[in-house]
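Enquirer: Input: one structure, supplied below.
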Amino acid sequence: MASLYDFPDIYDERFSEKANTVYREHYQKMFSGCEITDILDCSFGTGDLTFELCELGYQVSGSDLSRTMLAKAEQKAEQKGFPVDLTCCDFRELSQHFCRDFSCVMSTGNALAHVDNLGVEQTLREMDRLVRPGGYLYLDSRNWDKVLKNRDRFLYYPPFIREDGVRVNCVQVWDYHPDGAMTANILNAYESEGKIIRQEVYEEHWMPFSIELVRSTLKELGYRDITIKPLPYFQDLDFEEIGWYCLRARKPI
Ligand SMILES: C[S@@+](CC[C@H](N)C(=O)[O-])C[C@H]1O[C@@H](n2cnc3c(N)ncnc32)[C@H](O)[C@@H]1O
């Protein structure tokens with residue numbers, strides 16, 4: 001089954017200027033008062049979530065496992081006139097690909113669940129290696145503790161109309177496997193004048209991880225001020241209520 005990451009144009013269909021504004025405001029809130037100048041996003045994808053940081057004046061670098069996603073990101077960076085350095089690599093081996101540090105290293109877009117729990121821990125350690133003393137580690141993720149508690153199976157997206165008038169309907173159906181892994185079956189139905197004109201199915205694989213795994217690894221690495229908020233951050237909520245969270249933590253000087 002095809003991965004959506006092999007079809008970056010389709011991956012990008014859902015992003016909009018309105019969504020970008022929401023993320024820009026989110027980052028403004030999360031990074032306000034933090035001494036951050038240069039940022040590496042190690043799951044950059046096509047960059048929609050991260051280009052907003054360029055808009056805010058940060059010097060942004062990106063890496064990702066998918067060359068296809070990065071090729072689209074490169075095109076967009078050129079169009080937008082952002083000088084973004086892009087590297088193709090697995091975030092579990094991040095430090096082998098960079099010989100400099102950053103005031104913030106991040107992983108955006110629920111990417112960490114694409115590797116197993118050992119891989120998540122390894123990635124956090126690799127990210128840490130590139131964080132300057134006094135700098136920040138930041139990530140966002142689906143709240144897997146909540147997903148596993150509720151055994152959610154369906155995720156509906158609000159339909160939207162593309163510029164060419166085609167309405168895009170999308171639903172995800174989640175399968176739970178005995179080894180703890182999950183498959184997201186992503187179903188897209190394209191509709192014009194009330195008729196479905198095209199259907200597509202993609203598949204992504206996740207291995208849920210608990211917030212405790214992240215917290216304990218960061219604490220062991222000496223991180224302080226571990227702050228968890230909803231993504232996007234409009235208001236404070238109890239962790240159990242958050243569907244998608246972000247976490248910011250400070251490395252000691
Ligand atoms: C849901 S996308 C998020 C992309 C982007 N941050 C965004 O929010 O649109 C997840 C990304 O993680 C990347 N990814 C998955 N496994 C990875 C790994 N082991 N190392 C680096 N990137 C990985 C995928 O290629 C994909 O671009």
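Quick note on naming: the chains in the structure tokens go A, B, ... in the order shown, residues restart at 1 in each chain, and ligands are numbered from 1 in order of appearance.
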Could you please extract the residues within 7 Å of ligand 1, counting only C-alpha atoms and all ligand atoms, and hand them back as a list of chain:residue names?
Expert: A:Tyr5, A:Cys42, A:Ser43, A:Phe44, A:Gly45, A:Thr46, A:Gly47, A:Asp48, A:Leu49, A:Thr50, A:Ser63, A:Asp64, A:Leu65, A:Ser66, A:Met69, A:Cys89, A:Asp90, A:Phe91, A:Arg92, A:Ser107, A:Thr108, A:Gly109, A:Asn110, A:Ala111, A:Leu112, A:His114, A:Val115
Enquirer: Hey, could you make a per-residue contact list for region 95-157 of chain A against region 219-243 of chain A with 8 Å as the cut-off, showing the nearest pair of atoms and its distance in Å to one decimal, counting only C-alpha atoms, sorted by chain and number, as a Markdown table?
Expert:
```
| residue | atom | partner | partner_atom | distance |
| --- | --- | --- | --- | --- |
| A:Arg125 | CA | A:Leu221 | CA | 7.8 |
| A:Asp128 | CA | A:Leu221 | CA | 7.9 |
| A:Asp140 | CA | A:Leu231 | CA | 7.3 |
| A:Arg142 | CA | A:Gly243 | CA | 6.0 |
| A:Asn143 | CA | A:Gly243 | CA | 5.3 |
| A:Asp145 | CA | A:Glu240 | CA | 8.0 |
| A:Lys146 | CA | A:Glu240 | CA | 6.3 |
```
Enquirer: Suppose we keep N, CA, C and O atoms; can you now write the selection as a PDB file, in the first residue's frame?
Expert:
```
ATOM      1  N   ARG A 125      17.726  11.083  22.339  1.00  0.00           N
ATOM      2  CA  ARG A 125      19.153  11.208  22.703  1.00  0.00           C
ATOM      3  C   ARG A 125      19.942  11.851  21.555  1.00  0.00           C
ATOM      4  O   ARG A 125      20.840  12.648  21.767  1.00  0.00           O
ATOM      5  N   ASP A 128      19.136  15.481  21.441  1.00  0.00           N
ATOM      6  CA  ASP A 128      19.848  16.139  22.550  1.00  0.00           C
ATOM      7  C   ASP A 128      21.306  16.448  22.181  1.00  0.00           C
ATOM      8  O   ASP A 128      21.833  17.493  22.543  1.00  0.00           O
ATOM      9  N   ASP A 140       6.160  17.573  18.808  1.00  0.00           N
ATOM     10  CA  ASP A 140       4.708  17.443  18.914  1.00  0.00           C
ATOM     11  C   ASP A 140       4.307  16.032  18.558  1.00  0.00           C
ATOM     12  O   ASP A 140       5.016  15.333  17.821  1.00  0.00           O
ATOM     13  N   ARG A 142       0.684  13.088  18.616  1.00  0.00           N
ATOM     14  CA  ARG A 142      -0.629  12.656  19.054  1.00  0.00           C
ATOM     15  C   ARG A 142      -0.511  12.159  20.501  1.00  0.00           C
ATOM     16  O   ARG A 142       0.571  11.644  20.882  1.00  0.00           O
ATOM     17  N   ASN A 143      -1.543  12.319  21.292  1.00  0.00           N
ATOM     18  CA  ASN A 143      -1.533  11.824  22.674  1.00  0.00           C
ATOM     19  C   ASN A 143      -1.843  10.320  22.645  1.00  0.00           C
ATOM     20  O   ASN A 143      -3.001   9.902  22.690  1.00  0.00           O
ATOM     21  N   ASP A 145      -1.329   8.005  24.802  1.00  0.00           N
ATOM     22  CA  ASP A 145      -1.944   7.468  26.026  1.00  0.00           C
ATOM     23  C   ASP A 145      -3.474   7.529  25.898  1.00  0.00           C
ATOM     24  O   ASP A 145      -4.183   6.596  26.264  1.00  0.00           O
ATOM     25  N   LYS A 146      -3.937   8.658  25.350  1.00  0.00           N
ATOM     26  CA  LYS A 146      -5.394   8.854  25.189  1.00  0.00           C
ATOM     27  C   LYS A 146      -5.943   7.907  24.107  1.00  0.00           C
ATOM     28  O   LYS A 146      -6.998   7.296  24.281  1.00  0.00           O
TER      29      LYS A 146
END
```
Enquirer: I'd like to know which of A:Glu163, A:Asp12, A:Glu126, A:Glu191 is closest to His97 (chain A), using only C-alpha atoms.
Expert: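 The closest residue to His97 (chain A) is A:Glu126.
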Enquirer: DSSP on the backbone, then: every residue of region 71-161 of chain A marked alpha helix (DSSP H), written as a ChimeraX atom specification.
Expert: /A:71-80,117-130,144-150
Enquirer: So which one's closest to Ser16 (chain A), A:Gln59, A:Tyr136, A:Pro83, A:Phe160? Using only C-alpha atoms, please.
Expert: A:Phe160
